[in-house]
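Have a look at model.tsv; it's TSV, C-alpha atoms:
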```tsv
chain	number	residue	atom	x	y	z
A	1318	MET	CA	0.64	-43.50	-16.58
A	1319	ASN	CA	-1.68	-44.24	-13.62
A	1320	ASP	CA	0.88	-46.67	-12.19
A	1321	LYS	CA	3.44	-43.84	-12.10
A	1322	LEU	CA	1.04	-41.15	-10.80
A	1323	THR	CA	-0.58	-43.15	-8.01
A	1324	PRO	CA	2.44	-43.34	-5.66
A	1325	LEU	CA	3.24	-39.66	-6.30
A	1326	ARG	CA	-0.32	-38.65	-5.47
A	1327	GLN	CA	-0.21	-40.77	-2.33
A	1328	GLN	CA	2.93	-38.93	-1.24
A	1329	ILE	CA	1.26	-35.58	-1.94
A	1330	ASP	CA	-1.82	-36.63	0.06
A	1331	ALA	CA	0.40	-37.64	2.99
A	1332	ILE	CA	2.26	-34.31	2.87
A	1333	ASP	CA	-1.05	-32.39	2.66
A	1334	ALA	CA	-2.20	-34.18	5.81
A	1335	GLN	CA	1.00	-33.13	7.58
A	1336	ILE	CA	0.57	-29.54	6.38
A	1337	LEU	CA	-3.00	-29.48	7.69
A	1338	GLU	CA	-1.91	-30.83	11.06
A	1339	LEU	CA	0.83	-28.19	11.30
A	1340	LEU	CA	-1.60	-25.43	10.28
A	1341	SER	CA	-3.96	-26.52	13.05
A	1342	ARG	CA	-1.12	-26.45	15.57
A	1343	ARG	CA	-0.11	-22.98	14.36
A	1344	GLY	CA	-3.71	-21.82	14.67
A	1345	ARG	CA	-3.95	-23.03	18.27
A	1346	LEU	CA	-0.71	-21.23	19.11
A	1347	ALA	CA	-2.11	-18.08	17.49
A	1348	GLN	CA	-5.14	-18.34	19.78
A	1349	GLU	CA	-2.83	-18.55	22.80
A	1350	VAL	CA	-0.94	-15.51	21.52
A	1351	GLY	CA	-4.28	-13.73	21.24
A	1352	HIS	CA	-5.05	-14.43	24.90
A	1353	VAL	CA	-1.67	-13.01	25.95
A	1354	LYS	CA	-2.16	-9.93	23.78
A	1355	ALA	CA	-5.63	-9.38	25.23
A	1356	GLU	CA	-4.14	-9.31	28.74
A	1357	THR	CA	-1.60	-6.65	27.73
A	1358	SER	CA	-3.77	-4.76	25.19
A	1359	ALA	CA	-1.14	-5.46	22.51
A	1360	PRO	CA	-2.18	-4.91	18.86
A	1361	VAL	CA	-3.22	-7.94	16.85
A	1362	PHE	CA	-1.39	-6.88	13.68
A	1363	ARG	CA	2.36	-6.28	14.09
A	1364	PRO	CA	3.79	-5.24	10.71
A	1365	GLU	CA	7.39	-5.58	11.84
A	1366	ARG	CA	6.86	-9.17	13.05
A	1367	GLU	CA	5.10	-10.23	9.85
A	1368	ALA	CA	7.77	-8.54	7.70
A	1369	GLN	CA	10.46	-10.51	9.57
A	1370	VAL	CA	8.60	-13.78	9.01
A	1371	LEU	CA	8.13	-13.14	5.28
A	1372	ARG	CA	11.75	-12.10	4.77
A	1373	GLY	CA	12.86	-15.16	6.72
A	1374	VAL	CA	10.92	-17.68	4.63
A	1375	ALA	CA	12.34	-16.13	1.44
A	1376	GLU	CA	15.88	-16.41	2.81
A	1377	ARG	CA	15.36	-20.07	3.77
A	1378	ASN	CA	13.53	-21.04	0.59
A	1379	ASP	CA	15.44	-23.63	-1.46
A	1380	GLY	CA	12.86	-23.86	-4.27
A	1381	PRO	CA	11.40	-24.94	-6.56
A	1382	LEU	CA	8.68	-22.48	-5.48
A	1383	ARG	CA	9.57	-18.83	-6.09
A	1384	ASP	CA	10.26	-16.61	-3.07
A	1385	HIS	CA	7.26	-14.43	-3.93
A	1386	ASP	CA	4.94	-17.44	-4.08
A	1387	VAL	CA	6.21	-18.80	-0.76
A	1388	GLN	CA	5.69	-15.38	0.84
A	1389	THR	CA	2.13	-15.25	-0.55
A	1390	ILE	CA	1.35	-18.62	1.03
A	1391	PHE	CA	2.78	-17.60	4.39
A	1392	ARG	CA	1.02	-14.24	4.28
A	1393	GLU	CA	-2.31	-16.05	3.94
A	1394	VAL	CA	-1.39	-18.43	6.77
A	1395	MET	CA	-0.59	-15.47	9.03
A	1396	SER	CA	-3.76	-13.68	7.94
A	1397	ALA	CA	-5.95	-16.70	8.79
A	1398	CYS	CA	-4.22	-17.19	12.14
A	1399	ARG	CA	-4.47	-13.48	12.94
A	1400	ALA	CA	-8.22	-13.68	12.28
A	1401	LEU	CA	-8.46	-16.28	15.07
A	1402	GLU	CA	-7.34	-13.53	17.44
A	1403	LYS	CA	-9.39	-10.75	15.82
A	1404	ARG	CA	-10.52	-10.00	12.29
A	1405	VAL	CA	-8.81	-6.72	11.46
A	1406	THR	CA	-10.87	-4.02	9.71
A	1407	VAL	CA	-9.02	-2.09	7.01
A	1408	ALA	CA	-10.38	1.04	5.30
A	1409	TYR	CA	-9.49	1.77	1.68
A	1410	LEU	CA	-10.57	3.94	-1.24
A	1411	GLY	CA	-13.54	2.07	-2.69
A	1412	PRO	CA	-15.75	0.75	-4.01
A	1413	ALA	CA	-14.62	-2.87	-4.33
A	1414	GLY	CA	-12.21	-3.49	-7.18
A	1415	THR	CA	-9.79	-0.59	-6.71
A	1416	PHE	CA	-6.02	-0.88	-6.61
A	1417	SER	CA	-6.33	0.26	-2.98
A	1418	GLU	CA	-8.34	-2.89	-2.21
A	1419	GLN	CA	-5.67	-4.95	-3.97
A	1420	ALA	CA	-3.05	-3.29	-1.76
A	1421	VAL	CA	-5.07	-4.24	1.34
A	1422	TYR	CA	-4.98	-7.94	0.50
A	1423	GLN	CA	-1.34	-7.82	-0.55
A	1424	GLN	CA	-0.41	-6.37	2.84
A	1425	PHE	CA	-2.86	-8.09	5.20
A	1426	GLY	CA	-3.90	-11.27	3.36
A	1427	SER	CA	-7.52	-12.11	2.62
A	1428	ALA	CA	-8.74	-12.83	6.19
A	1429	VAL	CA	-9.58	-9.19	6.91
A	1430	GLU	CA	-12.71	-7.05	6.89
A	1431	GLY	CA	-12.43	-4.50	4.10
A	1432	LEU	CA	-14.14	-1.14	4.61
A	1433	PRO	CA	-14.57	0.68	1.26
A	1434	CYS	CA	-14.64	4.49	1.57
A	1435	ALA	CA	-15.79	7.12	-0.91
A	1436	SER	CA	-12.64	9.25	-0.60
A	1437	ILE	CA	-9.11	9.29	0.80
A	1438	ASP	CA	-10.41	11.75	3.43
A	1439	GLU	CA	-12.85	9.11	4.66
A	1440	VAL	CA	-10.08	6.50	4.90
A	1441	PHE	CA	-8.15	8.84	7.19
A	1442	ARG	CA	-11.26	9.56	9.27
A	1443	ALA	CA	-12.01	5.84	9.69
A	1444	ALA	CA	-8.46	5.07	10.83
A	1445	GLU	CA	-8.37	8.12	13.11
A	1446	ALA	CA	-11.77	7.53	14.72
A	1447	GLY	CA	-11.22	3.80	15.23
A	1448	THR	CA	-13.98	2.76	12.81
A	1449	ALA	CA	-11.21	0.81	11.11
A	1450	ASP	CA	-8.09	-0.67	12.72
A	1451	PHE	CA	-6.01	0.50	9.77
A	1452	GLY	CA	-6.34	2.43	6.54
A	1453	VAL	CA	-4.53	1.98	3.24
A	1454	VAL	CA	-3.91	5.13	1.17
A	1455	PRO	CA	-1.91	5.79	-2.04
A	1456	VAL	CA	1.06	8.07	-1.46
A	1457	GLU	CA	2.97	8.11	-4.75
A	1458	ASN	CA	2.97	6.72	-8.27
A	1459	SER	CA	6.07	5.93	-10.29
A	1460	SER	CA	4.69	7.83	-13.31
A	1461	GLU	CA	2.73	10.73	-11.83
A	1462	GLY	CA	4.55	11.33	-8.56
A	1463	ALA	CA	2.96	12.18	-5.22
A	1464	VAL	CA	-0.73	11.81	-4.40
A	1465	ASN	CA	-1.17	15.33	-3.10
A	1466	ARG	CA	-4.37	14.75	-1.14
A	1467	THR	CA	-2.67	12.05	0.89
A	1468	LEU	CA	0.28	14.32	1.64
A	1469	ASP	CA	-2.02	17.14	2.76
A	1470	LEU	CA	-3.97	14.82	5.06
A	1471	MET	CA	-0.75	13.38	6.52
A	1472	LEU	CA	0.04	16.85	7.77
A	1473	ALA	CA	-3.21	17.16	9.74
A	1474	THR	CA	-3.90	13.60	10.88
A	1475	THR	CA	-3.08	11.97	14.22
A	1476	THR	CA	-2.61	8.60	12.51
A	1477	ILE	CA	0.80	6.94	12.24
A	1478	ILE	CA	2.34	5.16	9.26
A	1479	SER	CA	2.96	1.54	10.24
A	1480	GLY	CA	3.74	-0.07	6.89
A	1481	GLU	CA	3.98	0.28	3.14
A	1482	VAL	CA	3.16	-1.80	0.08
A	1483	SER	CA	3.94	-1.26	-3.60
A	1484	ILE	CA	1.87	-2.86	-6.35
A	1485	PRO	CA	2.11	-2.89	-10.15
A	1486	VAL	CA	-0.64	-0.80	-11.72
A	1487	HIS	CA	-1.98	-2.18	-15.00
A	1488	HIS	CA	-4.89	-0.26	-16.50
A	1489	SER	CA	-7.43	-1.74	-18.87
A	1490	LEU	CA	-10.04	0.05	-20.97
A	1491	MET	CA	-13.39	-1.71	-20.50
A	1492	SER	CA	-17.05	-1.30	-21.31
A	1493	LYS	CA	-20.35	-3.08	-20.80
A	1494	ASN	CA	-20.20	-4.89	-24.15
A	1495	GLY	CA	-16.40	-5.06	-24.50
A	1496	SER	CA	-16.18	-2.63	-27.44
A	1497	MET	CA	-16.07	1.11	-28.11
A	1498	ASP	CA	-19.32	1.01	-30.11
A	1499	GLY	CA	-21.52	3.82	-28.81
A	1500	VAL	CA	-18.99	4.96	-26.18
A	1501	LYS	CA	-19.11	8.73	-25.71
A	1502	LEU	CA	-17.32	9.09	-22.36
A	1503	ILE	CA	-14.22	7.55	-20.74
A	1504	CYS	CA	-14.13	7.68	-16.94
A	1505	ALA	CA	-11.34	7.00	-14.47
A	1506	HIS	CA	-9.59	8.44	-11.45
A	1507	SER	CA	-7.58	11.55	-12.39
A	1508	GLN	CA	-4.31	9.69	-11.73
A	1509	ALA	CA	-5.33	6.86	-14.09
A	1510	LEU	CA	-6.31	9.33	-16.82
A	1511	ALA	CA	-2.88	10.95	-16.49
A	1512	GLN	CA	-1.10	7.59	-16.52
A	1513	CYS	CA	-2.85	6.63	-19.79
A	1514	GLN	CA	-2.81	10.04	-21.48
A	1515	VAL	CA	-0.47	9.19	-24.36
A	1516	TRP	CA	-2.39	6.01	-25.24
A	1517	LEU	CA	-5.75	7.81	-25.07
A	1518	ASN	CA	-4.50	10.69	-27.22
A	1519	LEU	CA	-3.32	8.21	-29.82
A	1520	HIS	CA	-6.35	5.91	-29.94
A	1521	HIS	CA	-9.35	7.95	-28.72
A	1522	PRO	CA	-8.45	11.64	-28.92
A	1523	ASP	CA	-12.01	12.82	-29.63
A	1524	ILE	CA	-13.83	11.03	-26.78
A	1525	GLU	CA	-14.58	13.06	-23.64
A	1526	ARG	CA	-12.70	12.05	-20.49
A	1527	ARG	CA	-14.06	12.55	-16.99
A	1528	ALA	CA	-12.30	12.15	-13.65
A	1529	VAL	CA	-14.24	10.31	-10.94
A	1530	ALA	CA	-13.46	9.38	-7.32
A	1531	SER	CA	-11.88	6.01	-8.16
A	1532	ASN	CA	-11.35	3.60	-11.03
A	1533	ALA	CA	-13.80	1.20	-9.43
A	1534	GLU	CA	-16.47	3.94	-9.49
A	1535	ALA	CA	-15.72	4.32	-13.20
A	1536	ALA	CA	-16.28	0.58	-13.59
A	1537	VAL	CA	-19.64	0.88	-11.80
A	1538	LEU	CA	-20.68	3.68	-14.18
A	1539	ALA	CA	-19.63	1.62	-17.21
A	1540	SER	CA	-21.61	-1.38	-15.94
A	1541	ARG	CA	-24.74	0.75	-15.91
A	1542	ASP	CA	-24.30	2.66	-19.17
A	1543	ALA	CA	-23.07	1.25	-22.51
A	1544	GLY	CA	-22.06	4.79	-23.50
A	1545	VAL	CA	-19.38	4.86	-20.79
A	1546	ALA	CA	-15.98	3.15	-20.91
A	1547	ALA	CA	-13.90	2.78	-17.78
A	1548	ILE	CA	-10.18	2.65	-17.11
A	1549	ALA	CA	-9.67	0.25	-14.23
A	1550	SER	CA	-8.02	-2.97	-13.14
A	1551	GLU	CA	-9.09	-6.27	-14.62
A	1552	MET	CA	-10.16	-7.23	-11.09
A	1553	ALA	CA	-12.66	-4.36	-11.19
A	1554	GLY	CA	-13.78	-5.49	-14.63
A	1555	GLU	CA	-14.52	-8.97	-13.31
A	1556	GLN	CA	-16.26	-7.50	-10.25
A	1557	TYR	CA	-18.65	-5.43	-12.41
A	1558	GLN	CA	-18.86	-7.81	-15.40
A	1559	LEU	CA	-17.19	-5.58	-17.98
A	1560	GLY	CA	-15.58	-6.66	-21.22
A	1561	VAL	CA	-11.95	-5.71	-21.86
A	1562	ILE	CA	-11.46	-3.49	-24.91
A	1563	GLN	CA	-7.70	-3.14	-24.46
A	1564	ALA	CA	-5.49	-4.33	-21.61
A	1565	HIS	CA	-2.36	-2.62	-20.26
A	1566	ILE	CA	-2.96	0.84	-21.69
A	1567	GLN	CA	-0.78	2.64	-19.11
A	1568	ASP	CA	1.96	4.70	-20.77
A	1569	ASP	CA	4.66	3.28	-18.47
A	1570	PRO	CA	4.77	-0.54	-18.59
A	1571	HIS	CA	6.52	-0.54	-15.19
A	1572	ASN	CA	3.90	1.68	-13.57
A	1573	ARG	CA	3.63	1.12	-9.80
A	1574	THR	CA	1.84	2.79	-6.91
A	1575	ARG	CA	3.14	2.91	-3.35
A	1576	PHE	CA	0.60	2.76	-0.54
A	1577	VAL	CA	1.10	3.38	3.17
A	1578	ILE	CA	-0.73	1.75	6.07
A	1579	ILE	CA	-2.06	4.24	8.62
A	1580	GLY	CA	-3.40	3.58	12.09
A	1581	GLN	CA	-2.72	4.28	15.75
A	1582	HIS	CA	0.12	1.82	16.40
A	1583	HIS	CA	3.85	2.50	16.51
A	1584	THR	CA	6.00	-0.31	15.12
A	1585	ASN	CA	9.29	-1.62	16.50
A	1586	PRO	CA	12.38	-2.09	14.30
A	1587	SER	CA	12.17	-4.99	11.83
A	1588	GLY	CA	15.74	-4.81	10.55
A	1589	GLN	CA	14.84	-3.11	7.24
A	1590	ASP	CA	12.89	0.03	8.00
A	1591	ARG	CA	11.97	3.48	6.71
A	1592	THR	CA	11.06	6.66	8.60
A	1593	SER	CA	8.80	9.39	7.18
A	1594	LEU	CA	8.53	12.97	8.43
A	1595	VAL	CA	7.33	16.45	7.47
A	1596	LEU	CA	9.51	19.54	7.87
A	1597	ALA	CA	9.30	23.28	7.33
A	1598	VAL	CA	12.16	25.78	7.41
A	1599	PRO	CA	12.53	29.52	7.98
A	1600	ASN	CA	12.46	31.48	4.71
A	1601	ARG	CA	16.14	32.35	4.40
A	1602	ALA	CA	19.03	31.43	2.10
A	1603	GLY	CA	20.51	27.99	2.69
A	1604	ALA	CA	17.81	27.01	5.18
A	1605	VAL	CA	16.92	23.66	3.53
A	1606	TYR	CA	20.60	22.71	3.07
A	1607	ASN	CA	21.37	23.50	6.71
A	1608	LEU	CA	18.26	21.70	7.90
A	1609	LEU	CA	19.18	18.43	6.16
A	1610	ALA	CA	22.84	18.54	7.13
A	1611	PRO	CA	22.32	16.28	10.20
A	1612	LEU	CA	21.34	13.40	7.89
A	1613	ALA	CA	24.74	13.49	6.18
A	1614	LYS	CA	26.50	14.11	9.50
A	1615	HIS	CA	25.08	10.91	11.02
A	1616	GLY	CA	25.22	8.79	7.84
A	1617	VAL	CA	21.44	8.56	7.35
A	1618	SER	CA	20.35	8.10	3.74
A	1619	MET	CA	17.41	10.16	2.43
A	1620	THR	CA	15.28	8.21	-0.07
A	1621	ARG	CA	12.55	10.76	-0.81
A	1622	PHE	CA	12.14	14.55	-0.73
A	1623	GLU	CA	8.81	16.09	-1.76
A	1624	SER	CA	7.57	19.66	-1.32
A	1625	ARG	CA	3.99	20.93	-0.90
A	1626	PRO	CA	2.77	24.55	-0.57
A	1627	ALA	CA	1.82	25.53	2.97
A	1628	ARG	CA	-1.27	27.29	1.57
A	1629	THR	CA	-0.55	30.44	3.54
A	1630	GLY	CA	-0.16	32.66	0.48
A	1631	THR	CA	3.42	33.50	1.45
A	1632	TRP	CA	5.29	31.00	-0.76
A	1633	GLU	CA	6.12	28.75	2.18
A	1634	TYR	CA	6.46	24.97	1.80
A	1635	TYR	CA	6.30	21.76	3.77
A	1636	PHE	CA	8.88	19.11	2.90
A	1637	TYR	CA	7.99	15.41	3.04
A	1638	VAL	CA	11.09	13.33	3.69
A	1639	ASP	CA	11.76	9.57	3.84
A	1640	VAL	CA	14.99	8.25	5.35
A	1641	GLU	CA	16.40	4.76	5.71
A	1642	GLY	CA	16.28	3.24	9.18
A	1643	HIS	CA	13.99	3.21	12.21
A	1644	ARG	CA	13.44	6.04	14.68
A	1645	GLN	CA	14.87	3.80	17.41
A	1646	ASN	CA	18.17	3.32	15.53
A	1647	GLU	CA	20.86	5.41	17.20
A	1648	ALA	CA	22.06	7.24	14.08
A	1649	VAL	CA	18.52	8.01	12.91
A	1650	ASP	CA	17.50	9.16	16.39
A	1651	ARG	CA	20.42	11.57	16.63
A	1652	ALA	CA	19.82	12.95	13.14
A	1653	LEU	CA	16.10	13.48	13.77
A	1654	THR	CA	16.76	15.15	17.13
A	1655	GLU	CA	19.00	17.70	15.40
A	1656	LEU	CA	16.49	18.12	12.57
A	1657	GLN	CA	13.74	18.84	15.07
A	1658	ASP	CA	15.90	21.42	16.86
A	1659	ASN	CA	16.62	23.26	13.59
A	1660	ALA	CA	13.20	23.03	11.90
A	1661	ALA	CA	10.47	25.63	12.03
A	1662	PHE	CA	8.05	22.69	11.91
A	1663	PHE	CA	8.69	18.98	12.52
A	1664	LYS	CA	6.26	16.04	12.44
A	1665	LEU	CA	7.26	12.38	12.61
A	1666	LEU	CA	4.82	10.39	10.45
A	1667	GLY	CA	6.13	6.97	11.50
A	1668	SER	CA	8.86	4.36	11.30
A	1669	TYR	CA	7.85	1.12	9.59
A	1670	PRO	CA	9.11	-1.95	7.70
A	1671	VAL	CA	10.21	-1.39	4.11
A	1672	GLY	CA	7.73	-3.04	1.72
A	1673	LEU	CA	8.68	-6.47	0.38
```

Any chance you could give the structure as structure tokens?
Amino acid sequence: MNDKLTPLRQQIDAIDAQILELLSRRGRLAQEVGHVKAETSAPVFRPEREAQVLRGVAERNDGPLRDHDVQTIFREVMSACRALEKRVTVAYLGPAGTFSEQAVYQQFGSAVEGLPCASIDEVFRAAEAGTADFGVVPVENSSEGAVNRTLDLMLATTTIISGEVSIPVHHSLMSKNGSMDGVKLICAHSQALAQCQVWLNLHHPDIERRAVASNAEAAVLASRDAGVAAIASEMAGEQYQLGVIQAHIQDDPHNRTRFVIIGQHHTNPSGQDRTSLVLAVPNRAGAVYNLLAPLAKHGVSMTRFESRPARTGTWEYYFYVDVEGHRQNEAVDRALTELQDNAAFFKLLGSYPVGL
């Protein structure tokens, strides 16, 4: 056995040495790029450039590694090289162990400075004030729909959407001792409680449920009190040393949450992009149909349409719309120009690469 393994290991060692040399060369080039960017005040993180790189390596991948695994490796390489220019600070709904934190690392890689915030409002404030370079906020869930607080804050913020990331959301029920013995309260974020409602009604219908600011906060509470069980990710359970009572209790096994990256930077076209905007229309018959007509006229596909009350007490609504394509694409630009002319209110939230 050793006679067969030794030459293979020697080949692996030689390849590892080559990989290390190439990584060092890439790092030195990244430093040079950083110097050029510093002279022109260009942003360190360019979502469109990184999306192009990750799509490219998947297209060129011949195996045996899976495309997703190759992209994960390259994302970490880019993250480490980016940190040589500047370590990007990213705000997210904390504390540590939330799905929002997971979305940060899936988008930016691990060589970033995470800034946990107590609420989605604080994430927006950090990204708007420059305390953080970017923020990551949940915008919709495949089971429960839109995250309304995020939509409301999008309307008022000066931040721009520069990217998106979608992650699978698997909820586990956990406690300090890994059992339900003595548990009198189940805590989780309101969205998580809703996403696990059927399972909870079936297995623990008589135990009180309480919504808290985040699932990670629920995990903190459970780590301090054996009478509290938390619904959270297994990552949060490991972070706060909880025992898993039951894994994957979400009612939808394909449950996913989409997050958007907010900041102050506009992105250029990447080749596969999405544009988000907010609209309002005059209160008259056919107004919404007439407003959206330019999309069909110019062949622009709408991928999302969400309404939110304007909170004026007059039954008026804002409409949150996603369309395929970048604002700089000719067809999208023409359609949005006509939309803006016809709308009572128009706000462009950003054009950005479609999540991988």

For Glu1655 of chain A, which residue among A:Gln1328, A:Gln1512, A:Leu1609, A:Phe1636 is the nearest when counting only C-alpha atoms?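 Of A:Gln1328, A:Gln1512, A:Leu1609, A:Phe1636, the one nearest Glu1655 of chain A, counting only C-alpha atoms, is A:Leu1609.
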
Identify which of the residues A:Asn1585, A:Gln1645, A:Ser1618, A:Gln1556 lies closest to Val1537 of chain A, counting all atoms listed in the file when measuring atom-to-atom distances.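 Between A:Asn1585, A:Gln1645, A:Ser1618, A:Gln1556, the residue approaching Val1537 of chain A most closely is A:Gln1556.
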
Exercise: segment 1461-1471 of chain A partners within 9 Å, all atoms listed in the file, chain neighbours under 3 positions left out, as a VMD selection string: chain A and resid 1437 to 1438 1441 1454 to 1458 1474 to 1477 1508 1511 to 1512 1595 1623 1625 1637 1666

Identify which of the residues A:Met1619, A:Gly1588, A:Gly1414, A:Val1515 lies closest to Glu1367 of chain A, counting all atoms listed in the file when measuring atom-to-atom distances. A:Gly1588

Residue with the minimum atom-to-atom distance to Arg1404 of chain A, picked from A:Gln1581, A:Ser1427, A:Ser1417, A:Asn1494 with only C-alpha atoms counted, is A:Ser1427

Between atom CA of His1643 of chain A and atom CA of Gln1369 of chain A, what is the distance in Å, rounded to a tenth? 14.4 Å

What is the distance between atom CA of Gly1351 of chain A and atom CA of Val1374 of chain A, in Å to one decimal? 22.9 Å

Top pick for closest residue to Asp1523 of chain A, considering A:Arg1644, A:Gln1388, A:Val1500, A:Ala1613 and counting only C-alpha atoms: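 Answer, going by the shortest atom-to-atom distance: A:Val1500.
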
Name the residues within 10 Å of (-11.5, 0.1, 14.4), counting only C-alpha atoms in the file's coordinates, and put them as number ranges by chain. A: 1405-1408, 1443-1452, 1580-1581

Of the listed residues A:His1615, A:Gln1419, A:Val1429, A:Val1640, that which approaches Met1552 of chain A most closely, counting only C-alpha atoms: A:Gln1419

So which residues touch Thr1592 of chain A within 12 Å, counting only C-alpha atoms, skipping near sequence neighbours fewer than 5 positions away, as number ranges by chain? A: 1477-1481, 1577, 1583-1586, 1617-1621, 1637-1646, 1649-1650, 1652-1653, 1664-1671

Here atom CA of Gly1499 of chain A and atom CA of Glu1555 of chain A stand apart by 21.3 Å

List the neighbours of Ala1533 of chain A out to 9 Å using only C-alpha atoms; skip same-chain residues closer than 3 positions along the sequence, and give me the result as a ChimeraX atom specification. /A:1411-1416,1505-1506,1530,1536-1538,1547-1550,1553-1554,1557

Let's have the selection written as an mmCIF file, in the coordinates of the input, with C-alpha atoms.
```
data_model
loop_
_atom_site.group_PDB
_atom_site.id
_atom_site.type_symbol
_atom_site.label_atom_id
_atom_site.label_comp_id
_atom_site.auth_asym_id
_atom_site.auth_seq_id
_atom_site.Cartn_x
_atom_site.Cartn_y
_atom_site.Cartn_z
ATOM 1 C CA GLY A 1411 -13.540 2.070 -2.690
ATOM 2 C CA PRO A 1412 -15.750 0.750 -4.010
ATOM 3 C CA ALA A 1413 -14.620 -2.870 -4.330
ATOM 4 C CA GLY A 1414 -12.210 -3.490 -7.180
ATOM 5 C CA THR A 1415 -9.790 -0.590 -6.710
ATOM 6 C CA PHE A 1416 -6.020 -0.880 -6.610
ATOM 7 C CA ALA A 1505 -11.340 7.000 -14.470
ATOM 8 C CA HIS A 1506 -9.590 8.440 -11.450
ATOM 9 C CA ALA A 1530 -13.460 9.380 -7.320
ATOM 10 C CA ALA A 1536 -16.280 0.580 -13.590
ATOM 11 C CA VAL A 1537 -19.640 0.880 -11.800
ATOM 12 C CA LEU A 1538 -20.680 3.680 -14.180
ATOM 13 C CA ALA A 1547 -13.900 2.780 -17.780
ATOM 14 C CA ILE A 1548 -10.180 2.650 -17.110
ATOM 15 C CA ALA A 1549 -9.670 0.250 -14.230
ATOM 16 C CA SER A 1550 -8.020 -2.970 -13.140
ATOM 17 C CA ALA A 1553 -12.660 -4.360 -11.190
ATOM 18 C CA GLY A 1554 -13.780 -5.490 -14.630
ATOM 19 C CA TYR A 1557 -18.650 -5.430 -12.410
#
```

Axis-aligned box for all listed atoms of segment 1412-1429 of chain A, 5 Å per side, centre and edges in Å to one decimal, as JSON:
```
{"center_x": -8.1, "center_y": -6.0, "center_z": -0.1, "size_x": 25.3, "size_y": 23.6, "size_z": 24.1}
```
